[in-house]
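**Q** Pasting in a structure now, in structure tokens, and then I'll have a few things to ask.
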Amino acid sequence: MEAIVRQSYLDKVERYLGKDIIIILTGQRRVGKSCILRLFRDKVSSDASANVIYIDKEKKEFDAIRTYTDLNAYIDEHRQKTNKNFILIDEIQEIEAFEKSVRSYYEEPDVEIVITGSNSNMLSSDLSTRIGGRYKEIHVQALSYAEFMQFHQLPDTDETLAKYLQFGGMPGLAKMGLDEQDAREYQMDVFHTVLLKDVIMRNQIRNVPFLENLVHFLADNAGKIISANSIAKYMKSQGENITSMVVGNYIKFLCDAYIIHKVNRYDIHGKRLFESNDKFYFEDNGIRNALAGGSREGDIEKVIENVIYSHLVRLGYDVTVGQLQAAEIDFIGQKPDGQRIYVQAAYIVADDATRKREFGNLRAINDNYPKYVISMTPLLSRADDNGITHLHLRRFLADGI
């Protein structure tokens, strides 16, 4: 199967070349970081003045590179002083003390460094300590709806949207196909690989059954406001005596591995972040669905919220949950330049009570930033309701805001 180019990520990589920084592709395992790095390698290799040093730590031929000294020796052996050297390392967290080696090379005038990693804590804390923040992190997400259509050669229809909501955006499904059983087996294989390598082994977790129960709990409660303390109380009611501190640590480990994302609450009137009770969404809604089990009839609102959250991030928004006295705004999207939007997620707006709830919360916000209700209401494309835009989910995912 010919590799499909995710051009937006390649463009981001090229944008930061020549700026004396390390470029890091981060994200959950199997979301496509390695493929993007290989595509970049192939493009650079076509330049006769470029020397590519490519290391894939998931391939056995690179097993001997275990520590930063091994890495230094390999790079020195393959480096060419007369050419521009591109050091490309896939899953660099598998190399002990890799940051020492990276620091040594990134300031060299003939070197560009592009690496991938699957643990946010290790990459951010270790690298920032060693090189003072001289790196650019590019977060690679699971497939967007547009990429899903491209990978599976599907048209932009409601049926395709339903498949996207059900199966999610793991690129590997393009080879597996969208058969229900095959897809679920693949998704669970990916999940267990990530859980083992990036959570259990890295953090030396012994209570694996609790960790697995916790992930299933988060899948069942995606999009709900929860806290470590409330989870600990629930687990205690189920016979699992776990402290809120342990719950908080395990949640952090899952976030570090990009399995889930924590979304803070923001007090719209007080203009401050709350310090507790957050929401959690999965990197891939397909894996979330596989963990939750069953059909989507009973939890379609959770799936829609998860997909909207991921796409807002993809569009460049920093996302929080809005708190407006007793009311809740599903998402506040903020960009570095000050742009802000408010978004309510709904399944179908079919009656006055639903319309009053979804639109009424937005009308209670006393500012002029754009406000949206995104739903799957039939026959809807895009409509204006007294200044609030009602947008179909398919149009949002295909065309943006």
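Within each chain, counting starts at residue 1; across the structure tokens, chains are named A, B, ... in the order shown, with ligands numbered 1 upward in that order.
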Neighbours of Arg355 (chain A) within 12 Å (only C-alpha atoms; same-chain residues fewer than 5 positions away dropped), as a PyMOL selection string?
**A** chain A and resi 344-350+360-363+373-375+377+385+388+390
**Q** Write a file of the selected residues as an mmCIF file, in the first residue's frame, keeping N, CA and C atoms.
**A**
data_model
loop_
_atom_site.group_PDB
_atom_site.id
_atom_site.type_symbol
_atom_site.label_atom_id
_atom_site.label_comp_id
_atom_site.auth_asym_id
_atom_site.auth_seq_id
_atom_site.Cartn_x
_atom_site.Cartn_y
_atom_site.Cartn_z
ATOM 1 N N GLN A 344 -20.893 24.397 22.132
ATOM 2 C CA GLN A 344 -21.733 23.399 22.780
ATOM 3 C C GLN A 344 -21.856 22.200 21.845
ATOM 4 N N ALA A 345 -21.716 20.998 22.392
ATOM 5 C CA ALA A 345 -21.850 19.763 21.622
ATOM 6 C C ALA A 345 -23.203 19.131 21.928
ATOM 7 N N ALA A 346 -23.897 18.709 20.893
ATOM 8 C CA ALA A 346 -25.194 18.061 21.075
ATOM 9 C C ALA A 346 -25.347 16.961 20.036
ATOM 10 N N TYR A 347 -26.228 16.002 20.314
ATOM 11 C CA TYR A 347 -26.507 14.954 19.337
ATOM 12 C C TYR A 347 -27.496 15.486 18.303
ATOM 13 N N ILE A 348 -28.730 15.695 18.717
ATOM 14 C CA ILE A 348 -29.758 16.235 17.827
ATOM 15 C C ILE A 348 -30.542 17.301 18.581
ATOM 16 N N VAL A 349 -30.682 18.465 17.984
ATOM 17 C CA VAL A 349 -31.500 19.534 18.554
ATOM 18 C C VAL A 349 -32.865 19.445 17.892
ATOM 19 N N ALA A 350 -33.791 18.715 18.543
ATOM 20 C CA ALA A 350 -35.062 18.387 17.897
ATOM 21 C C ALA A 350 -36.269 18.968 18.610
ATOM 22 N N GLY A 360 -29.267 28.367 25.176
ATOM 23 C CA GLY A 360 -29.435 29.256 26.322
ATOM 24 C C GLY A 360 -28.150 29.450 27.115
ATOM 25 N N ASN A 361 -27.376 28.382 27.294
ATOM 26 C CA ASN A 361 -26.106 28.503 28.016
ATOM 27 C C ASN A 361 -25.171 29.479 27.314
ATOM 28 N N LEU A 362 -25.143 29.423 25.983
ATOM 29 C CA LEU A 362 -24.276 30.319 25.225
ATOM 30 C C LEU A 362 -24.769 31.767 25.294
ATOM 31 N N ARG A 363 -26.093 31.951 25.273
ATOM 32 C CA ARG A 363 -26.620 33.318 25.330
ATOM 33 C C ARG A 363 -26.325 33.982 26.670
ATOM 34 N N VAL A 373 -23.154 25.933 18.296
ATOM 35 C CA VAL A 373 -23.705 24.644 18.698
ATOM 36 C C VAL A 373 -23.401 23.685 17.561
ATOM 37 N N ILE A 374 -22.716 22.579 17.868
ATOM 38 C CA ILE A 374 -22.358 21.580 16.849
ATOM 39 C C ILE A 374 -23.134 20.303 17.154
ATOM 40 N N SER A 375 -23.909 19.843 16.167
ATOM 41 C CA SER A 375 -24.762 18.680 16.390
ATOM 42 C C SER A 375 -24.856 17.847 15.119
ATOM 43 N N THR A 377 -27.922 17.141 13.906
ATOM 44 C CA THR A 377 -29.315 17.361 13.551
ATOM 45 C C THR A 377 -29.540 17.151 12.054
ATOM 46 N N ASP A 385 -28.781 31.303 14.526
ATOM 47 C CA ASP A 385 -29.893 31.402 15.477
ATOM 48 C C ASP A 385 -29.643 32.597 16.383
ATOM 49 N N ILE A 388 -25.956 32.940 17.126
ATOM 50 C CA ILE A 388 -25.263 31.695 17.459
ATOM 51 C C ILE A 388 -25.318 30.772 16.242
ATOM 52 N N HIS A 390 -25.383 27.394 14.349
ATOM 53 C CA HIS A 390 -25.690 25.968 14.516
ATOM 54 C C HIS A 390 -25.059 25.234 13.344
#
**Q** Output as a tab-separated table one row per residue of region 72-184 of chain A within 10 Å of region 8-30 of chain A: the closest atom pair and its distance in Å to one decimal place, counting only C-alpha atoms, sorted by chain and residue number ascending.
**A**
residue	atom	partner	partner_atom	distance
A:Leu88	CA	A:Ile23	CA	9.6
A:Ile89	CA	A:Ile24	CA	9.6
A:Asp90	CA	A:Leu25	CA	9.1
A:Glu91	CA	A:Arg29	CA	8.9
A:Ile92	CA	A:Ile24	CA	9.8
A:Val102	CA	A:Ile22	CA	8.2
A:Arg103	CA	A:Ile22	CA	9.1
A:Tyr105	CA	A:Ile22	CA	9.8
A:Tyr106	CA	A:Ile22	CA	6.6
A:Glu107	CA	A:Asp20	CA	6.6
A:Glu108	CA	A:Asp20	CA	8.7
A:Pro109	CA	A:Asp20	CA	8.3
A:Asp110	CA	A:Gly18	CA	9.8
A:Val111	CA	A:Asp20	CA	8.9
A:Glu112	CA	A:Leu17	CA	7.0
A:Ile113	CA	A:Ile22	CA	5.3
A:Val114	CA	A:Ile23	CA	4.7
A:Ile115	CA	A:Ile24	CA	4.9
A:Thr116	CA	A:Leu25	CA	4.5
A:Gly117	CA	A:Thr26	CA	5.1
A:Ser118	CA	A:Gly27	CA	5.5
A:Asn119	CA	A:Thr26	CA	7.5
A:Ser120	CA	A:Thr26	CA	7.2
A:Leu123	CA	A:Ile24	CA	8.7
A:Leu127	CA	A:Ile22	CA	9.6
A:Ile131	CA	A:Ile22	CA	9.5
A:Gly133	CA	A:Ile21	CA	8.8
A:Arg134	CA	A:Ile21	CA	5.2
A:Tyr135	CA	A:Ile22	CA	4.4
A:Lys136	CA	A:Ile23	CA	5.0
A:Glu137	CA	A:Ile24	CA	4.8
A:Ile138	CA	A:Leu25	CA	4.9
A:His139	CA	A:Thr26	CA	4.9
A:Val140	CA	A:Gly27	CA	5.3
A:Gln141	CA	A:Gly27	CA	6.4
A:Ala142	CA	A:Gln28	CA	8.4
A:Met170	CA	A:Arg30	CA	7.0
A:Pro171	CA	A:Arg30	CA	7.4
A:Gly172	CA	A:Arg30	CA	7.4
**Q** Find the residues around Ile226 (chain A) up to 10 Å (only C-alpha atoms counted), leave out those fewer than 2 positions away in its own chain, and share them as a PyMOL selection string.
**A** chain A and resi 218+221-224+228-231+276-280
**Q** Keeping N, CA and C atoms, export the residues of the selection given above as a short mmCIF file (atom, residue, chain, number, x, y, z; two decimals), in the first residue's frame.
**A**
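What follows is the written file part25.cif:
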data_model
loop_
_atom_site.label_atom_id
_atom_site.label_comp_id
_atom_site.auth_asym_id
_atom_site.auth_seq_id
_atom_site.Cartn_x
_atom_site.Cartn_y
_atom_site.Cartn_z
N LEU A 218 -12.60 5.59 32.78
CA LEU A 218 -12.47 6.85 32.04
C LEU A 218 -13.16 6.76 30.68
N ASN A 221 -16.77 7.23 31.19
CA ASN A 221 -17.12 8.56 31.70
C ASN A 221 -16.44 9.68 30.92
N ALA A 222 -16.08 9.41 29.67
CA ALA A 222 -15.48 10.44 28.83
C ALA A 222 -16.41 11.65 28.74
N GLY A 223 -15.84 12.83 28.95
CA GLY A 223 -16.64 14.05 28.87
C GLY A 223 -17.38 14.42 30.13
N LYS A 224 -17.27 13.61 31.18
CA LYS A 224 -17.91 13.95 32.46
C LYS A 224 -16.89 14.61 33.38
N ALA A 228 -9.92 12.84 40.98
CA ALA A 228 -9.22 11.67 41.52
C ALA A 228 -9.92 11.16 42.77
N ASN A 229 -10.43 12.09 43.58
CA ASN A 229 -11.11 11.71 44.81
C ASN A 229 -12.41 10.96 44.53
N SER A 230 -13.18 11.44 43.54
CA SER A 230 -14.43 10.76 43.21
C SER A 230 -14.18 9.38 42.62
N ILE A 231 -13.11 9.25 41.85
CA ILE A 231 -12.76 7.93 41.30
C ILE A 231 -12.36 6.98 42.42
N SER A 276 -9.46 21.65 40.35
CA SER A 276 -9.90 20.26 40.51
C SER A 276 -11.10 20.01 39.62
N ASN A 277 -11.48 18.74 39.52
CA ASN A 277 -12.65 18.33 38.74
C ASN A 277 -12.49 18.68 37.26
N ASP A 278 -11.88 17.79 36.53
CA ASP A 278 -11.59 18.00 35.13
C ASP A 278 -12.40 17.04 34.27
N LYS A 279 -12.27 17.21 32.95
CA LYS A 279 -12.82 16.25 32.00
C LYS A 279 -11.67 15.54 31.32
N PHE A 280 -11.96 14.33 30.81
CA PHE A 280 -10.94 13.55 30.13
C PHE A 280 -11.50 13.05 28.80
#
**Q** For region 261-269 of chain A, find every residue with an atom within 6 Å (counting only C-alpha atoms), except residues of its own chain fewer than 4 positions away, and show them as a JSON list (two decimals) with N, CA, C and O atoms, in the first residue's frame.
**A**
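File written: selection03.json
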[["chain", "number", "residue", "atom", "x", "y", "z"],
["A", 255, "CYS", "N", -1.98, 10.25, 30.73],
["A", 255, "CYS", "CA", -1.87, 11.49, 29.95],
["A", 255, "CYS", "C", -0.48, 11.61, 29.33],
["A", 255, "CYS", "O", -0.34, 12.04, 28.18],
["A", 273, "LEU", "N", -8.72, 29.41, 36.07],
["A", 273, "LEU", "CA", -8.84, 27.96, 35.97],
["A", 273, "LEU", "C", -9.17, 27.36, 37.33],
["A", 273, "LEU", "O", -8.63, 27.78, 38.36],
["A", 274, "PHE", "N", -10.07, 26.39, 37.35],
["A", 274, "PHE", "CA", -10.31, 25.63, 38.56],
["A", 274, "PHE", "C", -9.18, 24.63, 38.76],
["A", 274, "PHE", "O", -8.58, 24.15, 37.80],
["A", 278, "ASP", "N", -11.88, 17.79, 36.53],
["A", 278, "ASP", "CA", -11.59, 18.00, 35.13],
["A", 278, "ASP", "C", -12.40, 17.04, 34.27],
["A", 278, "ASP", "O", -13.10, 16.15, 34.77],
["A", 279, "LYS", "N", -12.27, 17.21, 32.95],
["A", 279, "LYS", "CA", -12.82, 16.25, 32.00],
["A", 279, "LYS", "C", -11.67, 15.54, 31.32],
["A", 279, "LYS", "O", -10.56, 16.07, 31.22],
["A", 280, "PHE", "N", -11.96, 14.33, 30.81],
["A", 280, "PHE", "CA", -10.94, 13.55, 30.13],
["A", 280, "PHE", "C", -11.50, 13.05, 28.80],
["A", 280, "PHE", "O", -12.63, 12.57, 28.72],
["A", 281, "TYR", "N", -10.66, 13.17, 27.77],
["A", 281, "TYR", "CA", -11.02, 12.69, 26.44],
["A", 281, "TYR", "C", -9.90, 11.81, 25.92],
["A", 281, "TYR", "O", -8.73, 11.98, 26.28],
["A", 320, "THR", "N", -10.50, 24.43, 26.95],
["A", 320, "THR", "CA", -10.92, 24.24, 28.34],
["A", 320, "THR", "C", -12.43, 24.03, 28.35],
["A", 320, "THR", "O", -13.12, 24.23, 27.35],
["A", 321, "VAL", "N", -12.94, 23.62, 29.52],
["A", 321, "VAL", "CA", -14.38, 23.49, 29.74],
["A", 321, "VAL", "C", -14.85, 24.75, 30.45],
["A", 321, "VAL", "O", -14.24, 25.17, 31.45],
["A", 322, "GLY", "N", -15.91, 25.36, 29.98],
["A", 322, "GLY", "CA", -16.38, 26.60, 30.56],
["A", 322, "GLY", "C", -17.37, 26.39, 31.70],
["A", 322, "GLY", "O", -18.29, 25.58, 31.58],
["A", 323, "GLN", "N", -17.17, 27.10, 32.79],
["A", 323, "GLN", "CA", -18.10, 27.08, 33.92],
["A", 323, "GLN", "C", -18.72, 28.46, 34.04],
["A", 323, "GLN", "O", -18.03, 29.46, 34.18],
["A", 324, "LEU", "N", -20.04, 28.53, 33.97],
["A", 324, "LEU", "CA", -20.77, 29.79, 34.03],
["A", 324, "LEU", "C", -21.82, 29.67, 35.11],
["A", 324, "LEU", "O", -22.95, 29.27, 34.87]]
**Q** Could you pull out all residues of region 162-198 of chain A with a DSSP call of helix (DSSP H, G or I) and give them as a ChimeraX atom specification?
**A** /A:162-167,173-176,180-198
**Q** Could you turn the residues from that selection into a file that holds C-alpha atoms, as a PDB file, in the first residue's frame?
**A**
ATOM      1  CA  ALA A 162     -20.859   7.301  11.249  1.00  0.00           C
ATOM      2  CA  LYS A 163     -17.879   5.070  10.446  1.00  0.00           C
ATOM      3  CA  TYR A 164     -15.478   7.737  11.703  1.00  0.00           C
ATOM      4  CA  LEU A 165     -17.402   8.095  14.952  1.00  0.00           C
ATOM      5  CA  GLN A 166     -17.405   4.330  15.397  1.00  0.00           C
ATOM      6  CA  PHE A 167     -13.903   3.333  14.300  1.00  0.00           C
ATOM      7  CA  LEU A 173      -7.021   0.561  10.119  1.00  0.00           C
ATOM      8  CA  ALA A 174      -6.414   1.474   6.483  1.00  0.00           C
ATOM      9  CA  LYS A 175      -4.676  -1.902   6.131  1.00  0.00           C
ATOM     10  CA  MET A 176      -6.947  -3.815   8.519  1.00  0.00           C
ATOM     11  CA  GLU A 180     -16.033  -4.556  13.246  1.00  0.00           C
ATOM     12  CA  GLN A 181     -14.205  -7.519  14.783  1.00  0.00           C
ATOM     13  CA  ASP A 182     -10.883  -6.947  12.987  1.00  0.00           C
ATOM     14  CA  ALA A 183     -10.921  -3.256  13.869  1.00  0.00           C
ATOM     15  CA  ARG A 184     -11.631  -3.884  17.540  1.00  0.00           C
ATOM     16  CA  GLU A 185      -8.866  -6.488  17.796  1.00  0.00           C
ATOM     17  CA  TYR A 186      -6.401  -4.083  16.216  1.00  0.00           C
ATOM     18  CA  GLN A 187      -7.453  -1.202  18.457  1.00  0.00           C
ATOM     19  CA  MET A 188      -7.102  -3.296  21.601  1.00  0.00           C
ATOM     20  CA  ASP A 189      -3.692  -4.551  20.434  1.00  0.00           C
ATOM     21  CA  VAL A 190      -2.572  -0.935  20.012  1.00  0.00           C
ATOM     22  CA  PHE A 191      -3.995   0.005  23.391  1.00  0.00           C
ATOM     23  CA  HIS A 192      -2.262  -2.845  25.222  1.00  0.00           C
ATOM     24  CA  THR A 193       1.053  -2.050  23.503  1.00  0.00           C
ATOM     25  CA  VAL A 194       0.859   1.584  24.574  1.00  0.00           C
ATOM     26  CA  LEU A 195      -0.253   0.633  28.082  1.00  0.00           C
ATOM     27  CA  LEU A 196       2.592  -1.867  28.496  1.00  0.00           C
ATOM     28  CA  LYS A 197       5.472   0.123  26.991  1.00  0.00           C
ATOM     29  CA  ASP A 198       4.597   3.700  27.874  1.00  0.00           C
TER      30      ASP A 198
END
**Q** Name all residues at most 10 Å from Phe210 (chain A) (count only C-alpha atoms; drop same-chain ones fewer than 6 positions away) and give them as a list in words.
**A**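 The filter keeps His216, Met235, Glu240, Asn241, Ile242, Val247 and Tyr250 of chain A.
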**Q** Suppose we keep C-alpha atoms; can you now write the selection as a PDB file, in the first residue's frame?
**A**
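File produced: out_13.pdb:
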ATOM      1  CA  HIS A 216     -12.271   1.483  31.372  1.00  0.00           C
ATOM      2  CA  MET A 235     -13.325   2.201  43.258  1.00  0.00           C
ATOM      3  CA  GLU A 240     -10.740  -1.593  45.320  1.00  0.00           C
ATOM      4  CA  ASN A 241      -8.990   0.283  48.145  1.00  0.00           C
ATOM      5  CA  ILE A 242      -7.028   2.940  46.235  1.00  0.00           C
ATOM      6  CA  VAL A 247      -5.489   7.611  41.102  1.00  0.00           C
ATOM      7  CA  TYR A 250      -2.064   6.816  37.265  1.00  0.00           C
TER       8      TYR A 250
END
**Q** Show me, as a PyMOL selection string, the residues that have an atom within 9 Å of Leu71 (chain A) when counting only C-alpha atoms, minus same-chain residues fewer than 4 positions from it.
**A** chain A and resi 65-67+75-76+95+98+101
**Q** Would you output that residue set with N, CA, C and O atoms, as a PDB file, in the first residue's frame?
**A**
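As a result, out_37.pdb now contains:
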ATOM      1  N   ILE A  65      21.878   0.250  20.035  1.00  0.00           N
ATOM      2  CA  ILE A  65      21.897   1.636  20.508  1.00  0.00           C
ATOM      3  C   ILE A  65      20.998   1.711  21.732  1.00  0.00           C
ATOM      4  O   ILE A  65      19.784   1.917  21.636  1.00  0.00           O
ATOM      5  N   ARG A  66      21.602   1.559  22.886  1.00  0.00           N
ATOM      6  CA  ARG A  66      20.836   1.505  24.134  1.00  0.00           C
ATOM      7  C   ARG A  66      21.001   2.762  24.985  1.00  0.00           C
ATOM      8  O   ARG A  66      20.096   3.137  25.722  1.00  0.00           O
ATOM      9  N   THR A  67      22.167   3.392  24.910  1.00  0.00           N
ATOM     10  CA  THR A  67      22.455   4.562  25.737  1.00  0.00           C
ATOM     11  C   THR A  67      22.925   5.716  24.856  1.00  0.00           C
ATOM     12  O   THR A  67      23.184   5.549  23.662  1.00  0.00           O
ATOM     13  N   ILE A  75      26.161   8.036  15.504  1.00  0.00           N
ATOM     14  CA  ILE A  75      26.086   9.294  14.749  1.00  0.00           C
ATOM     15  C   ILE A  75      27.465   9.688  14.224  1.00  0.00           C
ATOM     16  O   ILE A  75      27.620  10.064  13.045  1.00  0.00           O
ATOM     17  N   ASP A  76      28.490   9.586  15.069  1.00  0.00           N
ATOM     18  CA  ASP A  76      29.843   9.960  14.641  1.00  0.00           C
ATOM     19  C   ASP A  76      30.327   9.092  13.493  1.00  0.00           C
ATOM     20  O   ASP A  76      31.031   9.565  12.584  1.00  0.00           O
ATOM     21  N   ILE A  95      16.138   5.198  24.247  1.00  0.00           N
ATOM     22  CA  ILE A  95      17.591   5.337  24.422  1.00  0.00           C
ATOM     23  C   ILE A  95      17.854   6.040  25.744  1.00  0.00           C
ATOM     24  O   ILE A  95      17.407   7.169  25.967  1.00  0.00           O
ATOM     25  N   PHE A  98      19.102   9.952  26.370  1.00  0.00           N
ATOM     26  CA  PHE A  98      19.219  10.454  24.994  1.00  0.00           C
ATOM     27  C   PHE A  98      19.444  11.957  24.938  1.00  0.00           C
ATOM     28  O   PHE A  98      20.076  12.475  24.012  1.00  0.00           O
ATOM     29  N   SER A 101      22.946  13.291  24.360  1.00  0.00           N
ATOM     30  CA  SER A 101      23.429  13.215  22.983  1.00  0.00           C
ATOM     31  C   SER A 101      22.801  14.308  22.129  1.00  0.00           C
ATOM     32  O   SER A 101      23.488  14.982  21.353  1.00  0.00           O
TER      33      SER A 101
END
**Q** For the atom pair CA of Ser34 (chain A) and CA of Gly293 (chain A), what is the interatomic distance in Å to one decimal place?
**A**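 Distance reported for this atom pair: 29.0 Å.
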**Q** Write out as a VMD selection string the residues lying within 10 Å of Ile308 (chain A), counting only C-alpha atoms and excluding same-chain residues fewer than 5 positions away.
**A** chain A and resid 302 to 303 313 to 314 330 to 331 343 to 345 374 to 375 393 396 to 397
**Q** Quick one, how far is CA of Ala398 (chain A) from CA of Asp156 (chain A)?
**A**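 Interatomic distance, CA of Ala398 (chain A) to CA of Asp156 (chain A): 8.1 Å.
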**Q** Between CA of Phe86 (chain A) and CA of Tyr258 (chain A), what is the distance in Å, rounded to a tenth?
**A**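 A separation of 26.8 Å between them.
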**Q** From the options A:Leu291, A:Leu315, A:Met149, A:Ala232, which residue's atoms come nearest to Ile259 (chain A), counting only C-alpha atoms?
**A**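 Of the candidates, the smallest distance to Ile259 (chain A) is held by A:Leu291.
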